[in-house]
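Have a look at input.pdb below; it lists PDB, C-alpha atoms and all ligand atoms.
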ATOM      1  CA  MET A   1      11.048  20.548   9.978  1.00  0.00           C
ATOM      2  CA  ILE A   2      10.290  18.761   6.706  1.00  0.00           C
ATOM      3  CA  LYS A   3       6.974  16.917   6.990  1.00  0.00           C
ATOM      4  CA  ARG A   4       6.690  13.490   5.423  1.00  0.00           C
ATOM      5  CA  LEU A   5       4.512  13.824   2.365  1.00  0.00           C
ATOM      6  CA  ILE A   6       1.357  11.719   2.681  1.00  0.00           C
ATOM      7  CA  ILE A   7      -1.168  11.553  -0.150  1.00  0.00           C
ATOM      8  CA  ALA A   8      -4.384   9.775   0.865  1.00  0.00           C
ATOM      9  CA  VAL A   9      -6.500   8.215  -1.895  1.00  0.00           C
ATOM     10  CA  ASP A  10      -9.851   6.743  -0.827  1.00  0.00           C
ATOM     11  CA  GLY A  11     -12.904   5.453  -2.650  1.00  0.00           C
ATOM     12  CA  PRO A  12     -14.993   2.370  -3.373  1.00  0.00           C
ATOM     13  CA  SER A  13     -13.833  -0.671  -5.286  1.00  0.00           C
ATOM     14  CA  GLY A  14     -13.404  -0.015  -9.020  1.00  0.00           C
ATOM     15  CA  SER A  15     -13.215   3.768  -8.636  1.00  0.00           C
ATOM     16  CA  GLY A  16      -9.721   3.642 -10.152  1.00  0.00           C
ATOM     17  CA  LYS A  17      -7.845   4.053  -6.856  1.00  0.00           C
ATOM     18  CA  SER A  18      -5.131   1.471  -7.438  1.00  0.00           C
ATOM     19  CA  THR A  19      -4.233   2.454 -10.985  1.00  0.00           C
ATOM     20  CA  ILE A  20      -4.238   6.127 -10.135  1.00  0.00           C
ATOM     21  CA  ALA A  21      -2.464   5.918  -6.776  1.00  0.00           C
ATOM     22  CA  LYS A  22       0.269   3.743  -8.337  1.00  0.00           C
ATOM     23  CA  LEU A  23       0.817   6.227 -11.179  1.00  0.00           C
ATOM     24  CA  VAL A  24       0.895   9.243  -8.851  1.00  0.00           C
ATOM     25  CA  ALA A  25       3.409   7.437  -6.599  1.00  0.00           C
ATOM     26  CA  LYS A  26       5.580   6.576  -9.606  1.00  0.00           C
ATOM     27  CA  LYS A  27       5.531  10.134 -10.971  1.00  0.00           C
ATOM     28  CA  LEU A  28       6.542  11.566  -7.601  1.00  0.00           C
ATOM     29  CA  GLY A  29       8.977   8.802  -6.652  1.00  0.00           C
ATOM     30  CA  LEU A  30       6.959   8.007  -3.510  1.00  0.00           C
ATOM     31  CA  ARG A  31       6.135   4.646  -1.978  1.00  0.00           C
ATOM     32  CA  TYR A  32       2.739   3.193  -2.944  1.00  0.00           C
ATOM     33  CA  LEU A  33       0.715   1.549  -0.185  1.00  0.00           C
ATOM     34  CA  ASP A  34      -2.214  -0.709  -1.127  1.00  0.00           C
ATOM     35  CA  THR A  35      -4.062  -1.109   2.187  1.00  0.00           C
ATOM     36  CA  GLY A  36      -6.832  -3.187   0.578  1.00  0.00           C
ATOM     37  CA  ALA A  37      -4.160  -5.836  -0.113  1.00  0.00           C
ATOM     38  CA  ILE A  38      -3.373  -5.923   3.630  1.00  0.00           C
ATOM     39  CA  TYR A  39      -7.072  -6.411   4.472  1.00  0.00           C
ATOM     40  CA  ARG A  40      -7.362  -9.088   1.803  1.00  0.00           C
ATOM     41  CA  ALA A  41      -4.238 -10.931   2.974  1.00  0.00           C
ATOM     42  CA  VAL A  42      -5.391 -10.933   6.596  1.00  0.00           C
ATOM     43  CA  ALA A  43      -8.890 -12.091   5.541  1.00  0.00           C
ATOM     44  CA  PHE A  44      -7.298 -14.884   3.496  1.00  0.00           C
ATOM     45  CA  ILE A  45      -5.342 -16.194   6.499  1.00  0.00           C
ATOM     46  CA  LEU A  46      -8.305 -15.883   8.886  1.00  0.00           C
ATOM     47  CA  ASP A  47     -10.619 -17.636   6.426  1.00  0.00           C
ATOM     48  CA  GLU A  48      -8.082 -20.404   5.811  1.00  0.00           C
ATOM     49  CA  SER A  49      -7.781 -20.928   9.569  1.00  0.00           C
ATOM     50  CA  GLY A  50     -11.555 -21.402   9.759  1.00  0.00           C
ATOM     51  CA  ILE A  51     -12.171 -18.195  11.725  1.00  0.00           C
ATOM     52  CA  GLU A  52     -15.699 -16.809  11.329  1.00  0.00           C
ATOM     53  CA  PRO A  53     -16.023 -13.089  10.477  1.00  0.00           C
ATOM     54  CA  LYS A  54     -17.273 -12.115  13.925  1.00  0.00           C
ATOM     55  CA  ASP A  55     -15.668 -10.875  17.134  1.00  0.00           C
ATOM     56  CA  GLY A  56     -14.423 -13.475  19.595  1.00  0.00           C
ATOM     57  CA  PRO A  57     -11.375 -14.999  21.297  1.00  0.00           C
ATOM     58  CA  ASP A  58     -10.408 -17.093  18.243  1.00  0.00           C
ATOM     59  CA  LEU A  59     -10.248 -13.990  16.088  1.00  0.00           C
ATOM     60  CA  GLU A  60      -8.276 -12.064  18.736  1.00  0.00           C
ATOM     61  CA  SER A  61      -5.660 -14.779  19.190  1.00  0.00           C
ATOM     62  CA  GLU A  62      -5.243 -15.321  15.431  1.00  0.00           C
ATOM     63  CA  LEU A  63      -4.804 -11.563  14.934  1.00  0.00           C
ATOM     64  CA  ASP A  64      -2.200 -11.409  17.725  1.00  0.00           C
ATOM     65  CA  SER A  65       0.001 -13.857  15.883  1.00  0.00           C
ATOM     66  CA  ILE A  66      -0.401 -12.325  12.399  1.00  0.00           C
ATOM     67  CA  SER A  67       2.594 -10.592  10.840  1.00  0.00           C
ATOM     68  CA  VAL A  68       2.302  -8.630   7.603  1.00  0.00           C
ATOM     69  CA  ASN A  69       5.157  -7.508   5.372  1.00  0.00           C
ATOM     70  CA  LEU A  70       4.895  -5.623   2.114  1.00  0.00           C
ATOM     71  CA  LYS A  71       7.675  -6.095  -0.407  1.00  0.00           C
ATOM     72  CA  ASN A  72       7.285  -4.077  -3.595  1.00  0.00           C
ATOM     73  CA  THR A  73       3.930  -5.348  -4.882  1.00  0.00           C
ATOM     74  CA  SER A  74       3.915  -8.549  -2.809  1.00  0.00           C
ATOM     75  CA  VAL A  75       2.048  -9.133   0.436  1.00  0.00           C
ATOM     76  CA  ILE A  76       3.667 -11.565   2.838  1.00  0.00           C
ATOM     77  CA  VAL A  77       1.574 -12.815   5.754  1.00  0.00           C
ATOM     78  CA  ASN A  78       3.120 -15.048   8.402  1.00  0.00           C
ATOM     79  CA  GLY A  79       6.047 -15.536   6.019  1.00  0.00           C
ATOM     80  CA  ARG A  80       3.835 -16.641   3.067  1.00  0.00           C
ATOM     81  CA  ASP A  81       3.512 -14.691  -0.148  1.00  0.00           C
ATOM     82  CA  VAL A  82      -0.270 -14.625  -0.685  1.00  0.00           C
ATOM     83  CA  SER A  83      -0.308 -11.923  -3.393  1.00  0.00           C
ATOM     84  CA  ASP A  84      -1.828 -14.191  -6.049  1.00  0.00           C
ATOM     85  CA  LYS A  85      -4.404 -15.774  -3.760  1.00  0.00           C
ATOM     86  CA  ILE A  86      -6.189 -12.653  -2.580  1.00  0.00           C
ATOM     87  CA  ARG A  87      -7.729 -11.297  -5.813  1.00  0.00           C
ATOM     88  CA  ASN A  88     -10.810 -13.458  -6.199  1.00  0.00           C
ATOM     89  CA  PRO A  89     -14.480 -12.726  -5.405  1.00  0.00           C
ATOM     90  CA  HIS A  90     -14.494 -15.005  -2.342  1.00  0.00           C
ATOM     91  CA  ILE A  91     -11.618 -13.138  -0.697  1.00  0.00           C
ATOM     92  CA  SER A  92     -13.160  -9.782  -1.768  1.00  0.00           C
ATOM     93  CA  ALA A  93     -16.310 -10.744   0.140  1.00  0.00           C
ATOM     94  CA  MET A  94     -14.369 -12.076   3.162  1.00  0.00           C
ATOM     95  CA  ALA A  95     -12.165  -8.954   3.298  1.00  0.00           C
ATOM     96  CA  SER A  96     -15.276  -6.796   3.314  1.00  0.00           C
ATOM     97  CA  LEU A  97     -16.783  -8.792   6.223  1.00  0.00           C
ATOM     98  CA  PHE A  98     -13.578  -9.022   8.305  1.00  0.00           C
ATOM     99  CA  SER A  99     -12.770  -5.354   7.725  1.00  0.00           C
ATOM    100  CA  ALA A 100     -15.987  -4.369   9.551  1.00  0.00           C
ATOM    101  CA  LEU A 101     -14.671  -5.865  12.815  1.00  0.00           C
ATOM    102  CA  PRO A 102     -13.093  -3.430  15.313  1.00  0.00           C
ATOM    103  CA  ALA A 103     -10.368  -5.946  16.334  1.00  0.00           C
ATOM    104  CA  VAL A 104      -9.257  -6.307  12.714  1.00  0.00           C
ATOM    105  CA  ARG A 105      -9.221  -2.556  12.052  1.00  0.00           C
ATOM    106  CA  GLN A 106      -7.313  -1.855  15.257  1.00  0.00           C
ATOM    107  CA  ARG A 107      -4.600  -4.420  14.435  1.00  0.00           C
ATOM    108  CA  LEU A 108      -4.288  -3.137  10.866  1.00  0.00           C
ATOM    109  CA  LEU A 109      -4.146   0.509  11.912  1.00  0.00           C
ATOM    110  CA  HIS A 110      -0.674   0.002  13.391  1.00  0.00           C
ATOM    111  CA  ILE A 111       0.507  -2.072  10.454  1.00  0.00           C
ATOM    112  CA  GLN A 112      -0.597   0.643   7.998  1.00  0.00           C
ATOM    113  CA  ARG A 113       0.898   3.566   9.924  1.00  0.00           C
ATOM    114  CA  ALA A 114       4.207   1.728  10.231  1.00  0.00           C
ATOM    115  CA  GLN A 115       4.558   1.776   6.421  1.00  0.00           C
ATOM    116  CA  VAL A 116       5.289   5.498   6.145  1.00  0.00           C
ATOM    117  CA  ASP A 117       8.977   5.995   5.614  1.00  0.00           C
ATOM    118  CA  SER A 118      10.954   9.219   5.414  1.00  0.00           C
ATOM    119  CA  GLY A 119      10.423   9.430   1.651  1.00  0.00           C
ATOM    120  CA  GLY A 120       6.641   9.873   1.896  1.00  0.00           C
ATOM    121  CA  ILE A 121       3.803   7.727   0.647  1.00  0.00           C
ATOM    122  CA  VAL A 122       0.716   7.493  -1.561  1.00  0.00           C
ATOM    123  CA  ALA A 123      -1.712   5.438   0.523  1.00  0.00           C
ATOM    124  CA  GLU A 124      -4.817   3.944  -1.029  1.00  0.00           C
ATOM    125  CA  GLY A 125      -7.839   2.510   0.813  1.00  0.00           C
ATOM    126  CA  ARG A 126     -11.165   3.392   2.413  1.00  0.00           C
ATOM    127  CA  ASP A 127     -10.207   5.410   5.503  1.00  0.00           C
ATOM    128  CA  MET A 128      -6.794   6.852   4.663  1.00  0.00           C
ATOM    129  CA  GLY A 129      -7.920  10.490   4.871  1.00  0.00           C
ATOM    130  CA  THR A 130     -10.318  10.011   7.796  1.00  0.00           C
ATOM    131  CA  VAL A 131      -8.623   7.569  10.210  1.00  0.00           C
ATOM    132  CA  VAL A 132      -5.238   6.164   9.229  1.00  0.00           C
ATOM    133  CA  PHE A 133      -3.558   9.340   7.948  1.00  0.00           C
ATOM    134  CA  PRO A 134      -5.782  12.289   8.989  1.00  0.00           C
ATOM    135  CA  GLU A 135      -2.646  14.438   8.771  1.00  0.00           C
ATOM    136  CA  ALA A 136      -2.202  13.741   5.021  1.00  0.00           C
ATOM    137  CA  GLN A 137      -1.352  16.941   3.131  1.00  0.00           C
ATOM    138  CA  VAL A 138      -3.474  15.932   0.134  1.00  0.00           C
ATOM    139  CA  LYS A 139      -6.666  13.856   0.309  1.00  0.00           C
ATOM    140  CA  ILE A 140      -8.473  12.553  -2.740  1.00  0.00           C
ATOM    141  CA  PHE A 141     -11.810  10.723  -2.775  1.00  0.00           C
ATOM    142  CA  LEU A 142     -12.439   8.887  -6.046  1.00  0.00           C
ATOM    143  CA  THR A 143     -15.813   7.641  -7.126  1.00  0.00           C
ATOM    144  CA  ALA A 144     -17.518   6.262 -10.277  1.00  0.00           C
ATOM    145  CA  ASN A 145     -20.941   4.826 -11.048  1.00  0.00           C
ATOM    146  CA  GLU A 146     -21.404   1.142 -10.185  1.00  0.00           C
ATOM    147  CA  GLU A 147     -21.692  -0.194 -13.766  1.00  0.00           C
ATOM    148  CA  VAL A 148     -18.399   1.451 -14.673  1.00  0.00           C
ATOM    149  CA  ARG A 149     -16.788   0.057 -11.535  1.00  0.00           C
ATOM    150  CA  ALA A 150     -18.096  -3.481 -12.225  1.00  0.00           C
ATOM    151  CA  TYR A 151     -16.797  -3.332 -15.802  1.00  0.00           C
ATOM    152  CA  ARG A 152     -13.343  -2.210 -14.654  1.00  0.00           C
ATOM    153  CA  ARG A 153     -13.168  -5.051 -12.083  1.00  0.00           C
ATOM    154  CA  TRP A 154     -14.301  -7.564 -14.740  1.00  0.00           C
ATOM    155  CA  LEU A 155     -11.591  -6.355 -17.145  1.00  0.00           C
ATOM    156  CA  GLU A 156      -8.929  -6.567 -14.425  1.00  0.00           C
ATOM    157  CA  LEU A 157      -9.892 -10.143 -13.497  1.00  0.00           C
ATOM    158  CA  ASN A 158     -10.219 -11.148 -17.151  1.00  0.00           C
ATOM    159  CA  ARG A 159      -6.690  -9.942 -17.856  1.00  0.00           C
ATOM    160  CA  LYS A 160      -5.489 -12.195 -15.053  1.00  0.00           C
ATOM    161  CA  GLY A 161      -7.332 -15.130 -16.633  1.00  0.00           C
ATOM    162  CA  ILE A 162     -10.007 -15.188 -13.913  1.00  0.00           C
ATOM    163  CA  ARG A 163     -13.407 -15.702 -15.579  1.00  0.00           C
ATOM    164  CA  VAL A 164     -16.374 -14.268 -13.675  1.00  0.00           C
ATOM    165  CA  GLU A 165     -19.838 -13.144 -14.816  1.00  0.00           C
ATOM    166  CA  ARG A 166     -20.255  -9.362 -14.947  1.00  0.00           C
ATOM    167  CA  SER A 167     -23.574  -9.638 -13.141  1.00  0.00           C
ATOM    168  CA  ASP A 168     -21.837 -11.487 -10.251  1.00  0.00           C
ATOM    169  CA  ILE A 169     -19.261  -8.713  -9.999  1.00  0.00           C
ATOM    170  CA  LEU A 170     -21.991  -6.082  -9.939  1.00  0.00           C
ATOM    171  CA  SER A 171     -23.832  -7.840  -7.095  1.00  0.00           C
ATOM    172  CA  ASN A 172     -20.526  -8.307  -5.264  1.00  0.00           C
ATOM    173  CA  ILE A 173     -19.760  -4.577  -5.660  1.00  0.00           C
ATOM    174  CA  ARG A 174     -23.220  -3.604  -4.381  1.00  0.00           C
ATOM    175  CA  LEU A 175     -22.879  -5.862  -1.358  1.00  0.00           C
ATOM    176  CA  ARG A 176     -19.391  -4.588  -0.552  1.00  0.00           C
ATOM    177  CA  ASP A 177     -20.463  -0.949  -1.000  1.00  0.00           C
ATOM    178  CA  GLN A 178     -23.248  -1.610   1.449  1.00  0.00           C
ATOM    179  CA  ASN A 179     -20.880  -3.310   3.979  1.00  0.00           C
ATOM    180  CA  ASP A 180     -18.073  -0.781   3.557  1.00  0.00           C
ATOM    181  CA  SER A 181     -20.304   2.301   3.863  1.00  0.00           C
ATOM    182  CA  SER A 182     -22.609   1.119   6.623  1.00  0.00           C
ATOM    183  CA  ARG A 183     -20.142  -0.384   9.110  1.00  0.00           C
ATOM    184  CA  SER A 184     -20.035   1.529  12.365  1.00  0.00           C
ATOM    185  CA  ILE A 185     -16.243   1.705  12.558  1.00  0.00           C
ATOM    186  CA  SER A 186     -14.281   3.621   9.884  1.00  0.00           C
ATOM    187  CA  PRO A 187     -16.989   3.523   7.223  1.00  0.00           C
ATOM    188  CA  LEU A 188     -16.120   4.507   3.681  1.00  0.00           C
ATOM    189  CA  ILE A 189     -16.807   8.241   3.724  1.00  0.00           C
ATOM    190  CA  LYS A 190     -15.121  11.249   2.193  1.00  0.00           C
ATOM    191  CA  ALA A 191     -13.012  13.281   4.614  1.00  0.00           C
ATOM    192  CA  ASP A 192     -14.280  16.873   4.909  1.00  0.00           C
ATOM    193  CA  ASP A 193     -11.018  18.156   3.471  1.00  0.00           C
ATOM    194  CA  ALA A 194     -10.784  15.589   0.650  1.00  0.00           C
ATOM    195  CA  VAL A 195     -11.235  16.538  -3.008  1.00  0.00           C
ATOM    196  CA  LEU A 196     -13.956  14.484  -4.725  1.00  0.00           C
ATOM    197  CA  ILE A 197     -13.262  13.263  -8.268  1.00  0.00           C
ATOM    198  CA  ASP A 198     -15.857  11.270 -10.243  1.00  0.00           C
ATOM    199  CA  THR A 199     -13.774   9.078 -12.571  1.00  0.00           C
ATOM    200  CA  SER A 200     -16.689   7.573 -14.584  1.00  0.00           C
ATOM    201  CA  ASP A 201     -15.999   9.634 -17.712  1.00  0.00           C
ATOM    202  CA  LEU A 202     -12.426  10.778 -17.179  1.00  0.00           C
ATOM    203  CA  SER A 203      -9.268   9.256 -18.629  1.00  0.00           C
ATOM    204  CA  ILE A 204      -6.599   7.956 -16.272  1.00  0.00           C
ATOM    205  CA  GLU A 205      -4.156  10.602 -17.563  1.00  0.00           C
ATOM    206  CA  ASP A 206      -6.629  13.416 -16.837  1.00  0.00           C
ATOM    207  CA  ILE A 207      -7.207  12.213 -13.279  1.00  0.00           C
ATOM    208  CA  VAL A 208      -3.496  11.760 -12.580  1.00  0.00           C
ATOM    209  CA  ASP A 209      -2.737  15.246 -13.966  1.00  0.00           C
ATOM    210  CA  ARG A 210      -5.477  16.762 -11.828  1.00  0.00           C
ATOM    211  CA  ILE A 211      -4.110  15.105  -8.704  1.00  0.00           C
ATOM    212  CA  LEU A 212      -0.533  16.131  -9.502  1.00  0.00           C
ATOM    213  CA  ASP A 213      -1.721  19.749  -9.924  1.00  0.00           C
ATOM    214  CA  LEU A 214      -3.501  19.568  -6.572  1.00  0.00           C
ATOM    215  CA  ILE A 215      -0.409  18.166  -4.882  1.00  0.00           C
ATOM    216  CA  LYS A 216       1.737  20.958  -6.352  1.00  0.00           C
ATOM    217  CA  GLU A 217      -0.740  23.611  -5.189  1.00  0.00           C
ATOM    218  CA  ARG A 218      -1.203  22.204  -1.679  1.00  0.00           C
ATOM    219  CA  VAL A 219       2.376  21.283  -0.955  1.00  0.00           C
ATOM    220  CA  ILE A 220       3.826  24.514  -2.289  1.00  0.00           C
ATOM    221  CA  LEU A 221       1.256  26.594  -0.393  1.00  0.00           C
ATOM    222  CA  ASP A 222       1.942  24.614   2.801  1.00  0.00           C
ATOM    223  CA  ASP A 223       5.675  25.256   2.525  1.00  0.00           C
ATOM    224  CA  ARG A 224       5.252  29.056   2.427  1.00  0.00           C
TER     225      ARG A 224
HETATM  226  O1  LIG B 301      -9.491  -2.024  -2.108  1.00  0.00           O
HETATM  227  P1  LIG B 301      -9.829  -3.516  -2.030  1.00  0.00           P
HETATM  228  O2  LIG B 301     -11.009  -3.907  -2.854  1.00  0.00           O
HETATM  229  O3  LIG B 301      -8.638  -4.384  -2.363  1.00  0.00           O
HETATM  230  O4  LIG B 301     -10.203  -3.761  -0.475  1.00  0.00           O
HETATM  231  C1  LIG B 301     -10.611  -5.019   0.015  1.00  0.00           C
HETATM  232  C2  LIG B 301     -11.558  -4.824   1.205  1.00  0.00           C
HETATM  233  O5  LIG B 301     -10.830  -4.296   2.313  1.00  0.00           O
HETATM  234  C3  LIG B 301     -12.733  -3.879   0.965  1.00  0.00           C
HETATM  235  O6  LIG B 301     -13.968  -4.576   1.002  1.00  0.00           O
HETATM  236  C4  LIG B 301     -12.743  -2.931   2.103  1.00  0.00           C
HETATM  237  C5  LIG B 301     -11.550  -3.278   2.950  1.00  0.00           C
HETATM  238  N1  LIG B 301     -10.675  -2.142   3.189  1.00  0.00           N
HETATM  239  C6  LIG B 301     -10.963  -1.348   4.267  1.00  0.00           C
HETATM  240  O7  LIG B 301     -11.968  -1.572   4.959  1.00  0.00           O
HETATM  241  N2  LIG B 301     -10.145  -0.301   4.580  1.00  0.00           N
HETATM  242  C7  LIG B 301      -9.070  -0.044   3.823  1.00  0.00           C
HETATM  243  N3  LIG B 301      -8.273   0.965   4.149  1.00  0.00           N
HETATM  244  C8  LIG B 301      -8.780  -0.831   2.684  1.00  0.00           C
HETATM  245  C9  LIG B 301      -9.619  -1.869   2.386  1.00  0.00           C
END
Starting from the coordinates I provided, produce the structure as structure tokens.
Amino acid sequence: MIKRLIIAVDGPSGSGKSTIAKLVAKKLGLRYLDTGAIYRAVAFILDESGIEPKDGPDLESELDSISVNLKNTSVIVNGRDVSDKIRNPHISAMASLFSALPAVRQRLLHIQRAQVDSGGIVAEGRDMGTVVFPEAQVKIFLTANEEVRAYRRWLELNRKGIRVERSDILSNIRLRDQNDSSRSISPLIKADDAVLIDTSDLSIEDIVDRILDLIKERVILDDR
């Protein structure tokens, strides 16, 4: 039986996950799944509805009625395209808080797993290799030092015309790292069988080539 190819790419914010996962997906003709965008979109809707980031009946009932659809690079929640509204520091902070709640993670687990189609997928997030796709044939854990990550986030926002102080981004990154790594459910940790790549001083091309080599090695060996 041909297994669906799943490449899991995890790591903290600004480690280069999105750029790299997108390029790897493009090179291999696989679907790219940005799970952070799903968390952000859900956090946006919950925040807009006045739901506090804590467990409770209001959160449960709002989550029950949430529908998420991903179309190319757009995220549609409850029929609304929120793609442009979810990339600001406020939603980054809210997504980090909501994503620590078991009810949110449980609801999103199903949504994320349902995205794998027969063609395979490159899935990017925090717990792809550990929880959502533990069966992934190739698992990559990207990291980079926090100044480099803050600079990359600042550049990304600047290009979109969003002006934010670098020092605010750095504090935001530190806070999110702390939330994402210390939460009791699905914390950001490297899967035992993931390959760690520190991207601080590597070019995007070098990282992509390294991952493509790994995929070739693993997938060919697995097929034997
Ligand atoms: O990758 P990102 O910055 O767009 O993710 C936004 C938030 O969502 C981040 O604080 C952590 C959370 N997240 C998560 O907990 N698990 C995932 N698989 C993806 C994102």
List, as number ranges by chain, every residue that the PyMOL selection byres (((chain A and resi 65-70) around 10) and not hetatm) selects in the file provided. A: 33-34, 37-38, 41-42, 45-46, 60-64, 71-81, 83, 107-108, 111-112, 115
Spatial neighbours of Glu52 in chain A, max dist 12 Å, all atoms listed in the file, sep filter under 3 positions, as a list in words: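 Final neighbour list, sorted by chain and number: Ala43, Phe44, Ile45, Leu46, Asp47, Glu48, Ser49, Asp55, Gly56, Pro57, Asp58, Leu59, Glu60, Glu62, Met94, Ala95, Leu97, Phe98 and Leu101 of chain A.
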Can I get the selection written as a compact mmCIF listing (two decimals), keeping the file's coordinate frame, with C-alpha atoms?
# COMPACT_ATOMS: atom_id res chain seq x y z
CA ALA A 43 -8.89 -12.09 5.54
CA PHE A 44 -7.30 -14.88 3.50
CA ILE A 45 -5.34 -16.19 6.50
CA LEU A 46 -8.30 -15.88 8.89
CA ASP A 47 -10.62 -17.64 6.43
CA GLU A 48 -8.08 -20.40 5.81
CA SER A 49 -7.78 -20.93 9.57
CA ASP A 55 -15.67 -10.88 17.13
CA GLY A 56 -14.42 -13.48 19.60
CA PRO A 57 -11.38 -15.00 21.30
CA ASP A 58 -10.41 -17.09 18.24
CA LEU A 59 -10.25 -13.99 16.09
CA GLU A 60 -8.28 -12.06 18.74
CA GLU A 62 -5.24 -15.32 15.43
CA MET A 94 -14.37 -12.08 3.16
CA ALA A 95 -12.16 -8.95 3.30
CA LEU A 97 -16.78 -8.79 6.22
CA PHE A 98 -13.58 -9.02 8.30
CA LEU A 101 -14.67 -5.86 12.82
Please report, as JSON lines, each residue of chain A lying at most 8 Å from ligand LIG 301 (chain B), together with the nearest pair of atoms and the separation in Å rounded to one decimal; use all atoms listed in the file, and order rows by chain and ascending residue number.
{"residue": "A:Asp10", "atom": "CA", "partner": "B:LIG301", "partner_atom": "N3", "distance": 7.8}
{"residue": "A:Pro12", "atom": "CA", "partner": "B:LIG301", "partner_atom": "O1", "distance": 7.2}
{"residue": "A:Ser13", "atom": "CA", "partner": "B:LIG301", "partner_atom": "O2", "distance": 4.9}
{"residue": "A:Gly14", "atom": "CA", "partner": "B:LIG301", "partner_atom": "O2", "distance": 7.7}
{"residue": "A:Lys17", "atom": "CA", "partner": "B:LIG301", "partner_atom": "O1", "distance": 7.9}
{"residue": "A:Ser18", "atom": "CA", "partner": "B:LIG301", "partner_atom": "O1", "distance": 7.7}
{"residue": "A:Asp34", "atom": "CA", "partner": "B:LIG301", "partner_atom": "O1", "distance": 7.5}
{"residue": "A:Thr35", "atom": "CA", "partner": "B:LIG301", "partner_atom": "C8", "distance": 4.8}
{"residue": "A:Gly36", "atom": "CA", "partner": "B:LIG301", "partner_atom": "C9", "distance": 3.6}
{"residue": "A:Ala37", "atom": "CA", "partner": "B:LIG301", "partner_atom": "O3", "distance": 5.2}
{"residue": "A:Ile38", "atom": "CA", "partner": "B:LIG301", "partner_atom": "C8", "distance": 7.5}
{"residue": "A:Tyr39", "atom": "CA", "partner": "B:LIG301", "partner_atom": "O5", "distance": 4.8}
{"residue": "A:Arg40", "atom": "CA", "partner": "B:LIG301", "partner_atom": "C1", "distance": 5.5}
{"residue": "A:Arg87", "atom": "CA", "partner": "B:LIG301", "partner_atom": "O3", "distance": 7.8}
{"residue": "A:Ser92", "atom": "CA", "partner": "B:LIG301", "partner_atom": "C1", "distance": 5.7}
{"residue": "A:Ala93", "atom": "CA", "partner": "B:LIG301", "partner_atom": "O6", "distance": 6.7}
{"residue": "A:Met94", "atom": "CA", "partner": "B:LIG301", "partner_atom": "O6", "distance": 7.8}
{"residue": "A:Ala95", "atom": "CA", "partner": "B:LIG301", "partner_atom": "C2", "distance": 4.7}
{"residue": "A:Ser96", "atom": "CA", "partner": "B:LIG301", "partner_atom": "O6", "distance": 3.5}
{"residue": "A:Leu97", "atom": "CA", "partner": "B:LIG301", "partner_atom": "O6", "distance": 7.3}
{"residue": "A:Ser99", "atom": "CA", "partner": "B:LIG301", "partner_atom": "O7", "distance": 4.8}
{"residue": "A:Ala100", "atom": "CA", "partner": "B:LIG301", "partner_atom": "O7", "distance": 6.7}
{"residue": "A:Arg105", "atom": "CA", "partner": "B:LIG301", "partner_atom": "O7", "distance": 7.7}
{"residue": "A:Glu124", "atom": "CA", "partner": "B:LIG301", "partner_atom": "N3", "distance": 6.9}
{"residue": "A:Gly125", "atom": "CA", "partner": "B:LIG301", "partner_atom": "N3", "distance": 3.7}
{"residue": "A:Arg126", "atom": "CA", "partner": "B:LIG301", "partner_atom": "N3", "distance": 4.2}
{"residue": "A:Asp127", "atom": "CA", "partner": "B:LIG301", "partner_atom": "N3", "distance": 5.0}
{"residue": "A:Met128", "atom": "CA", "partner": "B:LIG301", "partner_atom": "N3", "distance": 6.1}
{"residue": "A:Val132", "atom": "CA", "partner": "B:LIG301", "partner_atom": "N3", "distance": 7.9}
{"residue": "A:Arg176", "atom": "CA", "partner": "B:LIG301", "partner_atom": "O6", "distance": 5.6}
{"residue": "A:Asp177", "atom": "CA", "partner": "B:LIG301", "partner_atom": "O6", "distance": 7.7}
{"residue": "A:Asn179", "atom": "CA", "partner": "B:LIG301", "partner_atom": "O6", "distance": 7.6}
{"residue": "A:Asp180", "atom": "CA", "partner": "B:LIG301", "partner_atom": "C4", "distance": 5.9}
{"residue": "A:Ser186", "atom": "CA", "partner": "B:LIG301", "partner_atom": "O7", "distance": 7.5}
{"residue": "A:Pro187", "atom": "CA", "partner": "B:LIG301", "partner_atom": "O7", "distance": 7.5}
{"residue": "A:Leu188", "atom": "CA", "partner": "B:LIG301", "partner_atom": "O7", "distance": 7.5}
Output file for the residues above (C-alpha atoms, as a compact mmCIF listing (two decimals), in the frame of the given file):
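Ended up saving to part_31.txt:
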# COMPACT_ATOMS: atom_id res chain seq x y z
CA ASP A 10 -9.85 6.74 -0.83
CA PRO A 12 -14.99 2.37 -3.37
CA SER A 13 -13.83 -0.67 -5.29
CA GLY A 14 -13.40 -0.02 -9.02
CA LYS A 17 -7.84 4.05 -6.86
CA SER A 18 -5.13 1.47 -7.44
CA ASP A 34 -2.21 -0.71 -1.13
CA THR A 35 -4.06 -1.11 2.19
CA GLY A 36 -6.83 -3.19 0.58
CA ALA A 37 -4.16 -5.84 -0.11
CA ILE A 38 -3.37 -5.92 3.63
CA TYR A 39 -7.07 -6.41 4.47
CA ARG A 40 -7.36 -9.09 1.80
CA ARG A 87 -7.73 -11.30 -5.81
CA SER A 92 -13.16 -9.78 -1.77
CA ALA A 93 -16.31 -10.74 0.14
CA MET A 94 -14.37 -12.08 3.16
CA ALA A 95 -12.16 -8.95 3.30
CA SER A 96 -15.28 -6.80 3.31
CA LEU A 97 -16.78 -8.79 6.22
CA SER A 99 -12.77 -5.35 7.72
CA ALA A 100 -15.99 -4.37 9.55
CA ARG A 105 -9.22 -2.56 12.05
CA GLU A 124 -4.82 3.94 -1.03
CA GLY A 125 -7.84 2.51 0.81
CA ARG A 126 -11.16 3.39 2.41
CA ASP A 127 -10.21 5.41 5.50
CA MET A 128 -6.79 6.85 4.66
CA VAL A 132 -5.24 6.16 9.23
CA ARG A 176 -19.39 -4.59 -0.55
CA ASP A 177 -20.46 -0.95 -1.00
CA ASN A 179 -20.88 -3.31 3.98
CA ASP A 180 -18.07 -0.78 3.56
CA SER A 186 -14.28 3.62 9.88
CA PRO A 187 -16.99 3.52 7.22
CA LEU A 188 -16.12 4.51 3.68
